[in-house]
Each structure stands twice: as C-alpha cells, then as structure tokens.
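The structure appears right after this line, and notes come after that.
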Protein chains: 2
Amino acid sequence: MHRIEVEAEVDVLSMNKKLAAENREYLRKHGIVAINIMGATGSGKTLLIEKTVDALSNEMKIGAILGDVICKADYERVVKHGIPVEAVNTGKECHLDAHLIHHRITSFKDVDLILIENVGNLICPVDFDLGEDYRVVMVSVTEGDDVVEKHPEIFRLADVIIINKVALAEAVEANVDKMEEDAKNLNPKAKIIRMDLKKDIGFDEWLDFVRGVVRR
Amino acid sequence: MHRIEVEAEVDVLSMNKKLAAENREYLRKHGIVAINIMGATGSGKTLLIEKTVDALSNEMKIGAILGDVICKADYERVVKHGIPVEAVNTGKECHLDAHLIHHRITSFKDVDLILIENVGNLICPVDFDLGEDYRVVMVSVTEGDDVVEKHPEIFRLADVIIINKVALAEAVEANVDKMEEDAKNLNPKAKIIRMDLKKDIGFDEWLDFVRGVVRR
C-alpha cells in the first residue's frame, strides 16, 4: 500500500512543480503578485480577503481564487466586494495544486494582486507549490496554543504567519506568547502578525505588507 | 496527474477495506469497542479523551490510540491518566488508516474500549474505515458556524456529532442552532451533542453514550 502511495506521490509532485513554474512565469510576465493564504477552517482566511479587498481596492486591482472541498459559500462572500473571483471546488482533495488553479490564474490579466485561499487545514497544502510569490499561514488562538508546534512543516515555509483572534486568547486560555515563540523557533525569517480581524488588531500591519510586495 | 492519483487511490482504498475488516474481526473476537474520534485541530478531541478516561476508568478498561502528523504532545497528555496509550505519527499523512493502527489495535487485549483520536482535519479521514464500531465528529463553534455545511462528507458518516465550546458561541458570533440544523439535515440519524468540556456542558450525555455502546 505504501509503495503505491509513494510512487504516485513522486509523479504528482514532479508534475506539480512543472505547472507551478508555468504559473510563476505567467504571473511574472503580467506583473501580478500572488499570495497563497493557508490555514484551518475558521482561522479567518475569507474575512482577511474580504477586508483586504475593501481596504485596498482603490489602490490596486485585486482578484481572488477561493479553494474549498465543496460549496461556494466563500465565493459568494467575496464576490460581493466587487472584484473578479474564481471558485475551485477540490471535491475530496485537501489542498489546491498548481494544475487546479492554472486556468484560474491565467484568466486574470488586468490585476496587480491575486489572493488565493487554500483548502482549510494545516497539513495537505505543504507539498504543493502553486507558483505563488508569497505564502501566508493563518492560525486562530481558538485552535489551541499548541497548534504551531504540532504543524512545523507548514510554518517553516511561510513568509507571513498570522496569529488571529488574539482578543479571544484569554477566553480560550491560549498563550499567544508561546504561539509566537514556537513560530519564531520554526521559522526565524517569517513576519509574524498578531491579529484580530473583528477588533482591527494587526490589520494595518498586514496591509503594509501587501502594499510593500505589490509595489516592489 | 489526475489519472495517476485515481489509480493509486483505488488500490489504497481496497487494501484499507481489507485491513479494516481484519481490525473489526480482532475487536469483535476480543469484545472490544472502538470509537474513532475525528475533528479539526483544537476542536477538543484530546481533552474529550482525557476527561472520558477520568470519568469511566473505574467502570471499564480503556485504551487510546492517538494519531498526529508529528510530535507526541497529545500522547504525553493522555498517558498521564494511567491508561495504555499508543501514539501514531503519520508524518505527512492527514488521516489514520487501517494499516497504521493495525499493530496498535492488536496490542490491546484486556481493554473494553479503545478511543482513537484521528489526525486533525475534517477532510482526509472520510475515506478510511479503521474497523472502528462508532465514528464521532467533533467541531468547535470557534471554527465558524458554516463549518458543518462546508464538510458534508464527514458529517454524513458520523454516529455522534459533537458541537463543542458552545459557551464561546456568543463571543465568536456563532449560531449553534444553525450548526445543529445543518448536522441534522446532512445526517438525520446521528446523535447530536452540544458540549462545552471546560464548563461540563453535554459531558454526561457523552458518557451515557459511551456506557451504552460498551455495555451492549
């Protein structure tokens, strides 16, 4: 059983690498920056995209790709904000891959920034480069303050680590300092943002990051 | 790429089915009841196991199998409660399977009940029968009140659906009635328990379920 899994994985990953390079080339050619936002269901990915679009649409052209196993609830939320949105239902797959988003990426021509919401979990998206420029991992304090140390792989590859819902830390008995320390230990280079989207904590810091990478 | 994935999946699933049947046969022969507890990271699976062990150890012999991608944090929490515990690190795999737990299951001979904690997410464990007798899906209101409708597959196969951390519903603006309704629509036969483990809400109802299935 394991033999079969391993052989298939190698083929799938080498195909993915090739297609990710094609996506990256397309983005570069069209001057588009793509940000891959990963995190568990309920960590706040969709709300982050909605608020970012509202805050920055007068400064830059934004598109979004929303991955989910099923249903278009996130798509319907984001499309109301007046930007081009592509929904990707993965069926039973627990991550996006370069192939799944290839046609979506190449349907955007006029945008400066594509925000990609990956499928909600901290395990599967790790191995699949989408061709994005930046990787964001978002966790909520409600997932428990051991969530970072339990998922080292995904935090190691992040450019930005967002610890969301910090205003609830006391109520759920989560130690945000510990979460930040775990993140720093795993990935000293990542930018770490303490956030609470419903209280507007840390959101300006995020907007500055987005502005910075789009204006490079 | 998709062709390769599908072929491998069929082989893996048919092997899994065979091994799940062997696990089931072993459990039946030894009079052991096994409960597979699934749910996202932070939904409360480990705490449920800890509290169940504390509450029922004087009535029955309990063993536990704890699945996680990496690290033994959950193992260390549960083993302190004085029961036999087996840890399974899946590496990059996002679910347990019948093969992974086969040797663990067959290492338990003297127990009445095995509590199995699956890897933390609501997508991957769906396809993998472990040979368990009952399936529990646990969600926290902090994951958002759309979490049930977003993951229909896993809720459809549950015998028990636990909606945990209900005492936080107001703080996170989650509609528990909606979550329960979504669960009922997807799976009218499942037992639904509103729970808050830190406030002892719904815990007695869970214990009654466990007592009932072990005494069958």
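Order determines the names: the first chain of the structure tokens is A, the second B, and so forth; residues in each chain are numbered 1 upward, and ligands are numbered 1 upward as they are shown.
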
- Item | Spatial neighbours of Asp97 of chain A, 9 Å, only C-alpha atoms, chain gap at least 4 places, as JSON, numbers by chain | {"A": [16, 19, 20, 101, 102, 125, 127, 128, 129, 130]}

Keeping only all heavy atoms, write those residues as a compact mmCIF listing (two decimals), in the first residue's frame.
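So the final result, stored in selection35.txt, reads:
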# COMPACT_ATOMS: atom_id res chain seq x y z
N ASN A 16 3.42 18.74 -10.53
CA ASN A 16 3.01 19.97 -9.86
C ASN A 16 4.10 21.03 -9.96
O ASN A 16 3.82 22.21 -10.19
CB ASN A 16 2.68 19.69 -8.40
CG ASN A 16 2.07 20.91 -7.72
OD1 ASN A 16 0.92 21.26 -7.97
ND2 ASN A 16 2.85 21.59 -6.90
N LEU A 19 4.10 22.63 -13.40
CA LEU A 19 2.98 23.55 -13.60
C LEU A 19 3.09 24.79 -12.72
O LEU A 19 2.68 25.88 -13.13
CB LEU A 19 1.66 22.83 -13.32
CG LEU A 19 1.23 21.88 -14.45
CD1 LEU A 19 0.19 20.89 -13.96
CD2 LEU A 19 0.70 22.68 -15.64
N ALA A 20 3.67 24.64 -11.53
CA ALA A 20 3.88 25.80 -10.66
C ALA A 20 4.84 26.77 -11.34
O ALA A 20 4.65 28.00 -11.29
CB ALA A 20 4.43 25.35 -9.30
N ILE A 101 -5.31 25.42 -10.21
CA ILE A 101 -5.50 26.86 -10.31
C ILE A 101 -4.94 27.46 -11.60
O ILE A 101 -5.11 28.65 -11.84
CB ILE A 101 -4.90 27.62 -9.09
CG1 ILE A 101 -3.37 27.50 -9.07
CG2 ILE A 101 -5.49 27.12 -7.78
CD1 ILE A 101 -2.76 28.59 -8.21
N HIS A 102 -4.33 26.61 -12.44
CA HIS A 102 -3.66 27.14 -13.63
C HIS A 102 -4.61 27.96 -14.52
O HIS A 102 -4.31 29.09 -14.89
CB HIS A 102 -3.03 25.99 -14.43
CG HIS A 102 -2.29 26.46 -15.64
ND1 HIS A 102 -1.12 27.18 -15.54
CD2 HIS A 102 -2.55 26.34 -16.96
CE1 HIS A 102 -0.70 27.48 -16.77
NE2 HIS A 102 -1.54 26.97 -17.64
N PRO A 125 -1.65 21.30 2.27
CA PRO A 125 -1.14 22.27 1.30
C PRO A 125 0.40 22.37 1.27
O PRO A 125 0.97 22.93 0.34
CB PRO A 125 -1.74 23.61 1.78
CG PRO A 125 -2.96 23.23 2.55
CD PRO A 125 -2.57 21.95 3.23
N ASP A 127 3.00 20.47 0.53
CA ASP A 127 3.86 19.98 -0.57
C ASP A 127 3.56 20.61 -1.92
O ASP A 127 4.26 20.34 -2.89
CB ASP A 127 3.68 18.46 -0.71
CG ASP A 127 4.33 17.71 0.42
OD1 ASP A 127 5.39 18.16 0.89
OD2 ASP A 127 3.79 16.67 0.84
N PHE A 128 2.50 21.44 -2.00
CA PHE A 128 2.06 21.87 -3.32
C PHE A 128 2.31 23.35 -3.58
O PHE A 128 1.51 24.21 -3.21
CB PHE A 128 0.58 21.50 -3.52
CG PHE A 128 0.39 20.02 -3.63
CD1 PHE A 128 0.27 19.23 -2.51
CD2 PHE A 128 0.42 19.40 -4.88
CE1 PHE A 128 0.14 17.86 -2.61
CE2 PHE A 128 0.29 18.02 -5.00
CZ PHE A 128 0.15 17.24 -3.85
N ASP A 129 3.45 23.62 -4.22
CA ASP A 129 3.77 24.95 -4.72
C ASP A 129 2.73 25.30 -5.79
O ASP A 129 2.46 24.50 -6.68
CB ASP A 129 5.17 24.87 -5.35
CG ASP A 129 5.64 26.21 -5.89
OD1 ASP A 129 4.98 27.23 -5.64
OD2 ASP A 129 6.69 26.23 -6.56
N LEU A 130 2.13 26.47 -5.67
CA LEU A 130 1.13 26.88 -6.67
C LEU A 130 1.74 27.83 -7.70
O LEU A 130 1.09 28.19 -8.67
CB LEU A 130 -0.04 27.59 -5.97
CG LEU A 130 -0.72 26.84 -4.82
CD1 LEU A 130 -1.86 27.67 -4.25
CD2 LEU A 130 -1.23 25.48 -5.29

- Item | Nearby residues (only C-alpha atoms) at most 8 Å from Val147 of chain A, same-chain spacing under 4 positions excluded, as a list in words |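 Surrounding residues, per the criterion: Val139, Glu143, His151 and Met179 of chain A; Thr41 and Gly42 of chain B.
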
- Who sits within 12 Å of Phe209 of chain A, only C-alpha atoms, same chain under 4 positions skipped, as a list in words: Ile35, Thr52, Leu56, Tyr134, Val136, Asp159, Val160, Ile161, Ile162, Ala190, Lys191, Ile192, Ile193, Gly202, Phe203, Asp204, Glu205, Val213, Val214, Arg215 and Arg216 of chain A

- Message: If we count only C-alpha atoms and set the cut-off at 12 Å, which residues sit around Glu25 of chain A, ignoring sequence neighbours fewer than 5 positions away in its own chain? Please answer as a count of residues only.
- Response: 15

- Interface, chain A side, toward chain B (8 Å; only C-alpha atoms) as a VMD selection string: chain A and resid 1 4 to 5 8 11 to 12 15 40 to 43 69 to 71 92 to 94 121 123 to 124 142 to 144 147 150 to 151 168 171

- Task: Enumerate as a list in words all residues of segment 5-50 of chain A assigned to strand (DSSP E or B) by DSSP on the backbone, naming them with the chain letters and numbers the document uses.
- Result: Val33, Ala34, Ile35, Asn36, Ile37, Met38 and Gly39 of chain A

Expected file contents, prior selection, C-alpha atoms, as a PDB file, in the first residue's frame:
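File written: out19.pdb
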ATOM      1  CA  VAL A  33       1.773  39.240  -7.356  1.00  0.00           C
ATOM      2  CA  ALA A  34       0.080  36.120  -5.951  1.00  0.00           C
ATOM      3  CA  ILE A  35      -0.328  35.356  -2.243  1.00  0.00           C
ATOM      4  CA  ASN A  36      -1.272  31.825  -1.128  1.00  0.00           C
ATOM      5  CA  ILE A  37      -3.228  32.007   2.152  1.00  0.00           C
ATOM      6  CA  MET A  38      -3.276  28.749   4.094  1.00  0.00           C
ATOM      7  CA  GLY A  39      -4.886  27.862   7.429  1.00  0.00           C
TER       8      GLY A  39
END

- Task: Any chance you could list, as number ranges by chain, the residues in chain B that come up helix (DSSP H, G or I) when DSSP is run on the backbone?
- Result: B: 2-29, 45-56, 73-79, 98-105, 124-127, 141-143, 147-150, 152-156, 166-168, 176-186, 203-215

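When atom CA of Glu50 of chain B is paired with atom CA of Arg77 of chain B, their separation reads 7.7 Å.
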
- Message: Please compute the atom CA of Pro188 of chain B-atom CA of Arg156 of chain B distance, one decimal, in Å.
- Response: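 Value for the atom CA of Pro188 of chain B-atom CA of Arg156 of chain B distance: 8.8 Å.
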
- Task: Would you work out the distance separating atom CA of Ala158 of chain B from atom CA of Ile116 of chain B, expressed in Å to one decimal?
- Result: 14.2 Å
